[in-house]
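J.: What follows is the file final_8.cif, containing mmCIF, C-alpha atoms:
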```cif
data_query
loop_
_atom_site.label_atom_id
_atom_site.label_comp_id
_atom_site.auth_asym_id
_atom_site.auth_seq_id
_atom_site.Cartn_x
_atom_site.Cartn_y
_atom_site.Cartn_z
CA MET A 288 13.88 -9.42 -24.47
CA ALA A 289 11.79 -6.75 -26.21
CA ARG A 290 10.74 -3.72 -24.16
CA ALA A 291 7.04 -3.79 -23.28
CA HIS A 292 4.78 -1.05 -24.66
CA TRP A 293 2.50 0.79 -22.29
CA ARG A 294 -0.51 0.36 -24.59
CA GLU A 295 -0.15 -3.42 -24.46
CA ARG A 296 0.20 -3.33 -20.68
CA VAL A 297 -2.89 -1.16 -20.23
CA GLN A 298 -4.98 -3.20 -22.68
CA ALA A 299 -4.00 -6.48 -21.04
CA ALA A 300 -5.00 -5.16 -17.64
CA ARG A 301 -8.31 -3.93 -19.03
CA THR A 302 -9.00 -7.29 -20.67
CA GLN A 303 -8.29 -9.06 -17.39
CA ARG A 304 -10.68 -6.79 -15.47
CA GLU A 305 -13.41 -7.36 -18.06
CA ALA A 306 -12.92 -11.14 -17.93
CA THR A 307 -13.26 -11.19 -14.14
CA GLY A 308 -16.12 -8.67 -13.95
CA ARG A 309 -14.03 -6.10 -12.12
CA VAL A 310 -14.42 -3.05 -14.32
CA ARG A 311 -15.11 -0.01 -12.15
CA VAL A 312 -17.58 2.63 -13.33
CA ARG A 313 -17.45 6.16 -11.98
CA ARG A 314 -20.84 7.73 -11.28
CA SER A 315 -21.55 11.47 -11.37
CA VAL A 316 -23.75 13.03 -8.69
CA GLU A 317 -25.74 15.84 -10.26
CA HIS A 318 -27.19 17.17 -7.03
CA ARG A 319 -26.97 16.34 -3.34
CA ASP A 320 -29.57 17.28 -0.73
CA GLY A 321 -28.82 15.73 2.64
CA ALA A 322 -29.13 11.95 2.37
CA ARG A 323 -30.75 12.23 -1.04
CA CYS A 324 -28.98 12.73 -4.33
CA THR A 325 -29.60 12.74 -8.06
CA VAL A 326 -27.50 10.38 -10.17
CA ASP A 327 -28.00 10.05 -13.92
CA GLY A 328 -31.36 11.77 -13.57
CA ARG A 329 -32.58 9.34 -10.91
CA ALA A 330 -33.39 10.43 -7.33
CA LEU A 331 -31.71 8.04 -4.88
CA LEU A 332 -31.50 7.68 -1.13
CA ASN A 333 -27.78 7.54 -0.42
CA PHE A 334 -26.55 4.71 1.79
CA CYS A 335 -22.92 4.68 0.63
CA SER A 336 -21.70 8.07 1.89
CA ASN A 337 -19.21 8.49 4.75
CA ASP A 338 -21.04 11.64 5.92
CA TYR A 339 -21.85 9.83 9.15
CA LEU A 340 -22.84 12.87 11.22
CA GLY A 341 -24.61 14.65 8.35
CA LEU A 342 -22.34 17.71 8.54
CA SER A 343 -21.24 18.09 4.91
CA GLN A 344 -24.17 20.40 4.08
CA HIS A 345 -24.82 21.88 7.51
CA PHE A 346 -25.64 25.56 7.08
CA ALA A 347 -22.96 26.70 9.55
CA VAL A 348 -20.26 24.58 7.90
CA VAL A 349 -21.17 25.77 4.41
CA GLY A 350 -21.47 29.34 5.66
CA ALA A 351 -17.93 29.25 7.08
CA LEU A 352 -16.65 27.90 3.76
CA GLN A 353 -18.36 30.65 1.77
CA ASP A 354 -17.43 33.50 4.09
CA THR A 355 -13.77 32.52 4.33
CA ALA A 356 -13.47 31.93 0.59
CA ALA A 357 -14.89 35.43 -0.01
CA ARG A 358 -12.22 36.93 2.27
CA GLU A 359 -9.20 34.67 1.73
CA GLY A 360 -9.70 33.14 -1.72
CA ALA A 361 -10.17 29.63 -3.03
CA GLY A 362 -6.74 28.05 -2.52
CA GLY A 363 -3.86 27.60 -0.11
CA THR A 364 -1.43 29.27 -2.59
CA GLY A 365 1.64 27.39 -1.35
CA SER A 366 3.00 24.76 1.02
CA HIS A 367 2.67 25.27 4.76
CA LEU A 368 6.38 26.06 5.14
CA VAL A 369 6.44 28.62 2.32
CA CYS A 370 3.37 30.87 2.42
CA GLY A 371 0.36 28.54 2.69
CA HIS A 372 -0.02 28.28 6.47
CA HIS A 373 -2.93 30.44 7.62
CA ALA A 374 -4.19 31.45 11.05
CA ILE A 375 -7.30 29.35 10.34
CA HIS A 376 -5.05 26.31 9.92
CA ASP A 377 -3.61 27.04 13.35
CA ALA A 378 -7.08 27.32 14.87
CA LEU A 379 -8.21 24.03 13.35
CA GLU A 380 -5.07 22.20 14.52
CA ARG A 381 -5.56 23.51 18.06
CA GLU A 382 -9.23 22.51 18.10
CA LEU A 383 -8.47 18.98 16.86
CA ALA A 384 -5.65 18.53 19.36
CA ASP A 385 -7.82 19.73 22.23
CA TRP A 386 -10.69 17.44 21.20
CA LEU A 387 -8.51 14.35 20.92
CA GLY A 388 -6.46 15.11 24.03
CA ALA A 389 -3.07 15.72 22.46
CA PRO A 390 -0.64 18.65 22.49
CA ARG A 391 -0.27 18.97 18.70
CA ALA A 392 -2.00 18.33 15.39
CA LEU A 393 -0.74 18.70 11.84
CA LEU A 394 -2.99 19.18 8.80
CA PHE A 395 -2.64 17.24 5.54
CA GLY A 396 -4.47 17.36 2.24
CA SER A 397 -5.80 13.82 2.69
CA GLY A 398 -5.59 10.78 4.91
CA PHE A 399 -3.59 9.01 2.21
CA LEU A 400 -0.95 11.75 2.35
CA ALA A 401 -0.94 11.70 6.14
CA ASN A 402 -0.23 7.96 6.29
CA LEU A 403 2.54 8.31 3.71
CA ALA A 404 4.02 11.10 5.81
CA VAL A 405 3.99 9.21 9.10
CA LEU A 406 5.56 6.00 7.85
CA GLN A 407 8.08 7.59 5.48
CA SER A 408 9.33 10.06 8.08
CA LEU A 409 9.72 7.47 10.84
CA LEU A 410 10.69 4.19 9.16
CA GLY A 411 13.68 3.19 7.02
CA ASP A 412 15.30 0.17 5.43
CA GLU A 413 16.24 -1.56 8.68
CA ASP A 414 12.88 -1.01 10.36
CA VAL A 415 9.65 -3.02 10.38
CA CYS A 416 5.99 -2.09 10.07
CA VAL A 417 3.53 -4.76 11.24
CA GLN A 418 0.00 -4.27 9.95
CA ASP A 419 -3.47 -5.79 10.14
CA ARG A 420 -4.24 -7.69 6.95
CA LEU A 421 -7.39 -5.60 6.38
CA ASN A 422 -5.72 -2.20 6.78
CA HIS A 423 -6.54 0.58 4.36
CA ALA A 424 -4.48 0.62 1.17
CA SER A 425 -2.79 3.89 2.20
CA LEU A 426 -1.09 2.22 5.16
CA ILE A 427 0.14 -0.66 3.01
CA ASP A 428 1.42 1.68 0.29
CA ALA A 429 3.04 3.91 2.91
CA ALA A 430 5.08 1.03 4.30
CA ARG A 431 6.16 -0.08 0.84
CA LEU A 432 7.23 3.43 -0.12
CA ALA A 433 9.05 3.90 3.17
CA GLY A 434 11.28 0.98 2.19
CA CYS A 435 10.83 -0.76 5.54
CA ARG A 436 10.06 -4.41 6.03
CA LEU A 437 6.28 -4.90 5.88
CA ARG A 438 4.71 -7.78 7.79
CA ARG A 439 0.98 -8.44 8.06
CA TYR A 440 -0.98 -10.36 10.67
CA PRO A 441 -4.45 -11.97 10.49
CA HIS A 442 -7.29 -9.52 10.97
CA ALA A 443 -7.73 -8.29 14.55
CA ASP A 444 -5.20 -10.83 15.87
CA PRO A 445 -2.84 -9.34 18.49
CA GLU A 446 -1.07 -12.69 18.88
CA GLY A 447 -0.33 -12.62 15.17
CA ALA A 448 1.12 -9.14 15.58
CA ILE A 449 3.46 -10.18 18.35
CA ARG A 450 4.62 -13.22 16.36
CA GLN A 451 5.56 -10.94 13.46
CA LEU A 452 7.41 -8.52 15.75
CA ARG A 453 9.40 -11.34 17.34
CA THR A 454 10.70 -12.47 13.95
CA LEU A 455 12.34 -9.05 13.40
CA PRO A 456 13.81 -7.92 16.73
CA ASP A 457 16.13 -5.21 15.34
CA GLY A 458 15.47 -1.65 14.22
CA LEU A 459 12.52 0.59 14.96
CA ALA A 460 9.19 -1.26 14.99
CA MET A 461 5.72 0.13 14.34
CA VAL A 462 2.35 -1.57 14.56
CA ALA A 463 -0.09 0.26 12.29
CA THR A 464 -3.81 -0.44 12.24
CA ASP A 465 -7.10 1.05 11.23
CA GLY A 466 -9.19 2.05 14.25
CA VAL A 467 -12.48 1.25 12.54
CA PHE A 468 -12.08 -0.97 9.48
CA SER A 469 -13.69 0.72 6.49
CA MET A 470 -15.04 -2.40 4.78
CA ASP A 471 -15.94 -4.55 7.81
CA GLY A 472 -17.01 -1.83 10.25
CA ASP A 473 -15.43 -3.52 13.27
CA ILE A 474 -13.03 -1.88 15.71
CA ALA A 475 -9.40 -2.94 16.16
CA PRO A 476 -8.43 -4.60 19.49
CA LEU A 477 -6.44 -1.54 20.48
CA ARG A 478 -5.92 -2.35 24.17
CA GLU A 479 -4.41 -5.71 23.26
CA LEU A 480 -2.27 -4.16 20.52
CA ALA A 481 -1.08 -1.53 22.99
CA LEU A 482 0.11 -4.32 25.28
CA VAL A 483 1.86 -6.01 22.35
CA THR A 484 3.70 -2.83 21.41
CA ARG A 485 4.71 -2.13 25.01
CA VAL A 486 6.17 -5.62 25.46
CA GLN A 487 7.96 -5.47 22.09
CA LYS A 488 9.13 -1.83 22.51
CA ALA A 489 7.26 -0.88 19.34
CA MET A 490 5.16 2.16 18.43
CA LEU A 491 1.39 1.91 17.89
CA TYR A 492 -0.06 4.12 15.15
CA VAL A 493 -3.84 4.21 14.58
CA ASP A 494 -5.55 5.42 11.41
CA ASP A 495 -8.91 6.37 12.91
CA ALA A 496 -10.44 7.84 9.76
CA HIS A 497 -13.78 6.07 10.32
CA GLY A 498 -13.74 6.31 14.11
CA VAL A 499 -13.17 9.96 14.99
CA GLY A 500 -16.51 11.74 15.29
CA VAL A 501 -18.44 8.49 15.50
CA VAL A 502 -17.24 6.26 18.34
CA GLY A 503 -15.82 6.84 21.79
CA PRO A 504 -16.60 9.45 24.45
CA ASP A 505 -17.57 12.77 22.84
CA GLY A 506 -16.84 11.17 19.45
CA ARG A 507 -13.10 11.16 20.15
CA GLY A 508 -12.64 7.90 18.29
CA SER A 509 -11.52 4.33 18.82
CA VAL A 510 -8.38 5.26 20.78
CA ALA A 511 -10.46 7.10 23.37
CA ALA A 512 -13.05 4.30 23.33
CA ALA A 513 -10.24 1.89 24.30
CA ARG A 514 -9.23 4.28 27.12
CA LEU A 515 -5.75 4.74 25.70
CA GLY A 516 -3.63 7.87 25.80
CA LEU A 517 -0.45 9.28 24.30
CA GLU A 518 1.77 6.84 26.13
CA GLU A 519 0.14 3.93 24.30
CA VAL A 520 -0.78 5.68 21.02
CA PRO A 521 1.62 8.60 20.45
CA LEU A 522 0.19 9.31 16.97
CA GLN A 523 -3.22 8.85 15.38
CA LEU A 524 -4.89 10.01 12.21
CA ALA A 525 -8.19 11.88 12.11
CA THR A 526 -9.82 12.60 8.78
CA LEU A 527 -11.80 15.71 7.96
CA GLY A 528 -13.60 14.07 5.05
CA LYS A 529 -15.85 11.49 6.68
CA ALA A 530 -17.77 12.19 9.90
CA LEU A 531 -16.71 15.86 9.68
CA GLY A 532 -18.05 16.17 6.15
CA GLY A 533 -15.18 18.11 4.58
CA TYR A 534 -11.79 17.28 3.08
CA GLY A 535 -8.30 16.68 4.40
CA ALA A 536 -6.87 15.01 7.48
CA ALA A 537 -4.70 15.61 10.52
CA VAL A 538 -2.12 13.63 12.43
CA VAL A 539 -2.57 14.21 16.15
CA GLY A 540 -0.20 13.25 18.94
CA GLU A 541 2.97 13.92 20.86
CA ALA A 542 4.53 17.32 20.20
CA ALA A 543 7.99 16.00 19.31
CA LEU A 544 6.58 13.51 16.80
CA VAL A 545 4.29 16.04 15.17
CA GLU A 546 7.13 18.56 14.93
CA HIS A 547 9.30 15.88 13.33
CA LEU A 548 6.61 15.35 10.67
CA ALA A 549 6.29 19.09 10.06
CA GLU A 550 10.03 19.38 9.41
CA THR A 551 10.75 16.13 7.52
CA ALA A 552 7.63 14.55 5.97
CA ARG A 553 7.78 14.93 2.20
CA PRO A 554 3.97 14.71 1.72
CA TYR A 555 3.75 17.73 4.04
CA LEU A 556 6.73 19.76 2.82
CA TYR A 557 6.12 19.47 -0.89
CA THR A 558 2.41 19.97 -1.38
CA THR A 559 0.02 22.92 -1.28
CA ALA A 560 -1.70 23.63 2.02
CA LEU A 561 -5.37 22.88 2.53
CA PRO A 562 -7.45 25.90 1.38
CA PRO A 563 -8.17 28.20 4.33
CA ALA A 564 -11.87 28.14 3.45
CA GLN A 565 -11.91 24.36 3.77
CA ALA A 566 -10.10 24.59 7.11
CA ALA A 567 -12.69 27.12 8.33
CA ALA A 568 -15.51 24.76 7.37
CA SER A 569 -13.82 21.87 9.16
CA LEU A 570 -13.27 24.01 12.26
CA VAL A 571 -17.02 24.60 12.51
CA ALA A 572 -17.69 20.90 11.82
CA VAL A 573 -15.38 19.85 14.67
CA LYS A 574 -17.18 22.16 17.08
CA LEU A 575 -20.55 20.77 16.00
CA ALA A 576 -19.31 17.19 16.32
CA ARG A 577 -18.10 17.92 19.85
CA ALA A 578 -21.28 19.64 20.96
CA GLU A 579 -24.15 17.83 19.23
CA HIS A 580 -24.13 14.43 20.87
CA TRP A 581 -27.57 13.63 19.45
CA ARG A 582 -25.95 12.88 16.09
CA ARG A 583 -23.96 9.96 17.53
CA GLU A 584 -26.93 8.85 19.61
CA LYS A 585 -29.07 8.71 16.50
CA LEU A 586 -26.39 6.71 14.68
CA VAL A 587 -26.40 4.16 17.50
CA GLU A 588 -30.19 3.92 17.24
CA LEU A 589 -30.19 3.53 13.46
CA THR A 590 -27.38 0.97 13.55
CA ALA A 591 -29.24 -1.19 16.07
CA ARG A 592 -32.46 -0.84 14.06
CA PHE A 593 -30.81 -1.88 10.79
CA ARG A 594 -29.15 -4.89 12.38
CA GLU A 595 -32.42 -5.97 13.99
CA ARG A 596 -34.39 -5.71 10.73
CA ALA A 597 -31.62 -7.28 8.63
CA ARG A 598 -31.30 -10.29 10.90
CA ALA A 599 -35.07 -10.78 10.95
CA LEU A 600 -34.95 -10.88 7.15
CA GLY A 601 -32.11 -13.41 7.10
CA LEU A 602 -29.41 -11.10 5.76
CA LEU A 603 -25.79 -12.06 6.47
CA LEU A 604 -24.08 -9.32 8.46
CA LEU A 605 -20.62 -8.92 9.93
CA GLU A 606 -20.05 -8.10 13.60
CA SER A 607 -20.10 -4.32 13.51
CA ASP A 608 -21.58 -1.78 15.91
CA THR A 609 -20.50 1.20 13.80
CA PRO A 610 -22.44 2.93 10.99
CA ILE A 611 -20.57 0.70 8.51
CA GLN A 612 -22.83 -2.33 8.05
CA PRO A 613 -21.59 -4.81 5.44
CA VAL A 614 -24.13 -7.24 3.98
CA ILE A 615 -22.23 -10.27 2.67
CA CYS A 616 -23.28 -11.38 -0.81
CA GLY A 617 -20.52 -13.88 -1.62
CA THR A 618 -19.92 -13.69 -5.35
CA GLU A 619 -19.17 -10.52 -7.23
CA SER A 620 -22.02 -11.11 -9.66
CA ARG A 621 -24.50 -11.41 -6.79
CA ALA A 622 -23.24 -8.20 -5.17
CA LEU A 623 -23.57 -6.31 -8.46
CA SER A 624 -27.04 -7.75 -9.09
CA MET A 625 -28.21 -6.73 -5.63
CA ALA A 626 -26.79 -3.22 -5.96
CA ALA A 627 -28.56 -2.80 -9.31
CA SER A 628 -31.86 -4.01 -7.84
CA LEU A 629 -31.52 -1.57 -4.96
CA GLU A 630 -30.86 1.30 -7.34
CA ARG A 631 -34.01 0.48 -9.29
CA ALA A 632 -35.86 0.63 -5.96
CA GLY A 633 -34.36 4.07 -5.21
CA TYR A 634 -31.46 3.15 -2.91
CA TRP A 635 -27.77 3.77 -3.61
CA VAL A 636 -25.60 1.17 -1.89
CA ALA A 637 -22.08 0.40 -3.07
CA ALA A 638 -21.15 -3.13 -4.14
CA ILE A 639 -17.63 -3.82 -2.83
CA ARG A 640 -15.66 -6.50 -4.65
CA PRO A 641 -12.16 -8.01 -4.60
CA PRO A 642 -9.42 -6.90 -4.43
CA THR A 643 -10.85 -4.32 -2.01
CA VAL A 644 -12.25 -7.22 0.05
CA PRO A 645 -11.13 -10.89 0.15
CA GLU A 646 -12.16 -13.34 -2.55
CA GLY A 647 -15.63 -14.78 -1.98
CA ARG A 648 -16.54 -11.93 0.39
CA ALA A 649 -18.12 -9.42 -2.00
CA ARG A 650 -20.65 -7.29 -0.18
CA LEU A 651 -22.97 -4.36 -0.02
CA ARG A 652 -21.38 -1.69 2.15
CA VAL A 653 -24.28 0.03 3.91
CA ALA A 654 -23.19 3.33 5.45
CA LEU A 655 -25.63 4.97 7.83
CA SER A 656 -25.91 8.70 8.53
CA ALA A 657 -27.58 10.80 11.20
CA LEU A 658 -29.57 12.24 8.27
CA HIS A 659 -31.42 8.95 7.73
CA THR A 660 -34.75 8.15 9.38
CA VAL A 661 -35.93 4.92 10.99
CA ALA A 662 -38.47 4.46 8.20
CA GLU A 663 -35.74 4.83 5.57
CA VAL A 664 -33.57 2.26 7.33
CA ASP A 665 -36.50 -0.16 7.53
CA GLY A 666 -37.19 0.38 3.84
CA LEU A 667 -33.57 -0.30 2.97
CA ALA A 668 -33.47 -3.58 4.90
CA ALA A 669 -36.62 -4.79 3.13
CA ALA A 670 -35.23 -3.72 -0.25
CA ILE A 671 -31.96 -5.60 0.36
CA ALA A 672 -33.92 -8.76 1.20
CA GLY A 673 -35.87 -8.37 -2.03
CA ALA A 674 -32.65 -7.81 -3.98
CA ARG A 675 -31.16 -10.94 -2.42
CA ASP A 676 -34.17 -13.02 -3.45
CA ARG A 677 -33.96 -11.74 -7.03
CA ALA A 678 -30.21 -12.44 -7.18
CA GLU A 679 -30.75 -15.98 -5.93
CA ALA A 680 -33.46 -16.55 -8.54
CA GLU A 681 -31.15 -15.25 -11.28
CA ALA A 682 -28.42 -17.61 -10.10
CA ARG A 683 -30.78 -20.61 -10.21
CA VAL A 684 -31.85 -19.73 -13.75
CA ALA A 685 -28.22 -19.36 -14.82
CA ASP A 686 -27.37 -22.79 -13.35
CA LEU A 687 -30.28 -24.43 -15.18
CA SER A 688 -29.26 -22.90 -18.50
CA ARG A 689 -25.71 -24.30 -18.35
#
```
Just dump the structure as structure tokens.
T.:
Amino acid sequence: MARAHWRERVQAARTQREATGRVRVRRSVEHRDGARCTVDGRALLNFCSNDYLGLSQHFAVVGALQDTAAREGAGGTGSHLVCGHHAIHDALERELADWLGAPRALLFGSGFLANLAVLQSLLGDEDVCVQDRLNHASLIDAARLAGCRLRRYPHADPEGAIRQLRTLPDGLAMVATDGVFSMDGDIAPLRELALVTRVQKAMLYVDDAHGVGVVGPDGRGSVAAARLGLEEVPLQLATLGKALGGYGAAVVGEAALVEHLAETARPYLYTTALPPAQAAASLVAVKLARAEHWRREKLVELTARFRERARALGLLLLESDTPIQPVICGTESRALSMAASLERAGYWVAAIRPPTVPEGRARLRVALSALHTVAEVDGLAAAIAGARDRAEAEARVADLSR
């Protein structure tokens, strides 16, 4: 058998993406001003950002970034265990741990790295990781790279989770789930999963990237919203790059587990520390998120308003009470057509297609922010309805021309 050439492999993959309409195009934002941005010279109202609390450009957050960069420089200069760990990192870890009710927190460069670290440092060949079928790709990749046995259960199905655990009774077992699912916007049944893991003597790990800052008492996330503590969820992930508006992530939980990660997790040991300036900005963002409850209250108001207007206009929504509001389009071509129509009307909403979401479930992922107004949300709902009508008309014309 002849050895394959990388050019042939790459070209074949590209041809396949083109044939199925799944070519991804990267867009460049030229300027961002709150919920508004300029893309390719066009001013758009941004409804696809994860800046849920509107903190990414808050003057105090940006000021902390600038001031710390002026004093400490632009980069981390080394890994945490060499020379990169700064007093500001310590302060941010303490603030996050205090907020989420845990003794320790550990910073990572991204949520992807944090999930790799948790699963690779805790699971091995003889262990099992049971995951929700709609988990974020980082959790799936983490299990595969850890070398453990990966089993997946139907979305939000605790009975499915316990069936999978029962098939593999040996070794360490972990149930890993998103807290808030990034493409559906719903919240995992954490209390039921906690019962499953207790009965099966497994560990429950929650990636709450889209929950912390947004849901739960004081914005403490989906674990707190489910009234669970360290006994049920000894480790959880909090991102700094979504509701907190910055970059990076932290794993928060039991002291012994966090210390184990700090001493053994390869994605922590062998990468440069988060820049101190970025940590300073996130520290201010955490304090704002804790104190300014009006941001979450406004998100609740805008979410209810969007759902009310969307339903009145006959849009197909998923069951989500979070700022992530998917509008189901069905086919990929319809989702792309609707996104293009919205952009012409001045709205930027991402079209999400397989394999990110299941086949036949392409959608517009509407992401609301405390920076949006009620009038803007009303305008978006009306624009989506108009885009749907145009997409349906295009489909009818295409059918007639066949």
J.: Please, which residues are within 7 Å of (-7.5, 13.1, 15.0) by the file's coordinates, counting all atoms listed in the file, and could they come as a list in words?
T.: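 So the residues meeting the distance criterion are Leu383, Leu387, Val499, Gln523, Leu524, Ala525, Thr526, Ala537, Val538 and Val539 of chain A.
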J.: Would you mind listing what lies within 9 Å of A:Ala424 as an MDAnalysis selection string, with all atoms listed in the file counted and same-chain residues fewer than 5 positions away left out?
T.: chainID A and resid 399 429 643
J.: Given the file above and the PyMOL selection byres ((chain A and resi 503-513) around 8), which residues are selected, and can you give them as a VMD selection string?
T.: chain A and resid 386 to 387 466 to 467 474 477 to 478 493 495 498 to 502 514 to 516 520 576 to 577 580 583
J.: Tell me which of A:Arg596, A:His376, A:Arg420, A:His497 sits closest to A:Tyr440, counting all atoms listed in the file.
T.: A:Arg420
J.: Excluding same-chain residues fewer than 6 positions from A:Ala384, what lies within 10 Å of it counting all atoms listed in the file, as a ChimeraX atom specification?
T.: /A:378,390-393,537-541
J.: Run the PyMOL selection byres ((chain A and resi 647-662) around 6) against the file shown and list the residues it catches, as a count of residues only.
T.: 29
J.: Using the chain letters and numbers from the file, give me the residues hit by the PyMOL selection byres ((chain A and resi 445-452) around 9), as a list in words.
T.: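 Output from the PyMOL selection byres ((chain A and resi 445-452) around 9), applied to this file: Val415, Cys416, Val417, Gln418, Asp419, Arg438, Arg439, Tyr440, Pro441, His442, Ala443, Asp444, Arg453, Thr454, Leu455, Pro456, Ala460, Met461, Val462, Pro476, Leu477, Glu479, Leu480, Leu482, Val483, Thr484, Val486, Gln487 and Ala489 of chain A.
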J.: Any idea what the distance is between atom CA of A:Gly434 and atom CA of A:Tyr492?
T.: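 Interatomic distance here is 17.5 Å.
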J.: Identify which of the residues A:Ala433, A:Leu394, A:Ala475, A:Ala374 lies closest to A:Ala549, counting all atoms listed in the file when measuring atom-to-atom distances.
T.: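 Smallest separation from A:Ala549 among the options: A:Leu394.
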J.: As a list in words, please: the residues near A:Ala572 (cut-off 8 Å, only C-alpha atoms, same-chain neighbours under 4 positions excluded).
T.: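 So the residues in contact are Leu342, Val348, Leu531, Gly532, Ala568 and Ala576 of chain A.
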J.: When distances are computed from only C-alpha atoms, which of A:Phe593, A:Glu413, A:Asp608, A:Arg677 shows the smallest separation from A:Leu459?
T.: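 Distance minimum relative to A:Leu459 lands on A:Glu413.
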J.: In Å, how far is it from atom CA of A:Val326 to atom CA of A:Ala626?
T.: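 Result for atom CA of A:Val326 versus atom CA of A:Ala626: 14.3 Å, one decimal.
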J.: Tell me, in Å to one decimal, how far atom CA of A:Val316 is from atom CA of A:Asn333.
T.: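 Computing it gives 10.7 Å between the two atoms.
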J.: Could you give me, as a list of chain:residue names, the residues within 10 Å of A:Ser397, counting all atoms listed in the file and dropping anything in the same chain fewer than 4 positions from it?
T.: A:Ala401, A:Asn402, A:Ala525, A:Thr526, A:Leu527, A:Gly528, A:Tyr534, A:Gly535, A:Ala536, A:Ala537, A:Pro554, A:Leu561
J.: For A:Arg621, which residue among A:Ala591, A:Ala680, A:Leu600, A:Ala567 is the nearest when counting all atoms listed in the file?
T.: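 Ranking A:Ala591, A:Ala680, A:Leu600, A:Ala567 by distance to A:Arg621, first place goes to A:Ala680.
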J.: Considering only C-alpha atoms, state which residue in the set A:Glu519, A:Arg290, A:Arg296, A:Leu570 is at the smallest distance from A:Arg485.
T.: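 Comparing A:Glu519, A:Arg290, A:Arg296, A:Leu570 against A:Arg485, the winner is A:Glu519.
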J.: Fewer than 2 positions away in the same chain doesn't count, so skip those; otherwise give me all residues within 7 Å of A:Ala404, counting all atoms listed in the file, as a ChimeraX atom specification.
T.: /A:400-402,406-408,548,552-555
J.: Edge lengths and centre in Å to one decimal, as lines of an AutoDock Vina configuration file, of the axis-aligned box that encloses all listed atoms of stretch 522-536 of chain A with 4 Å added on every side?
T.:
```
center_x = -8.9
center_y = 13.5
center_z = 10.0
size_x = 26.2
size_y = 17.3
size_z = 21.9
```
J.: Select, from A:Gly363, A:Val684, A:Leu544, A:Ala566, the residue with the minimum atom-to-atom distance to A:Val405, counting all atoms listed in the file.
T.: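 Of the candidates, the smallest distance to A:Val405 is held by A:Leu544.
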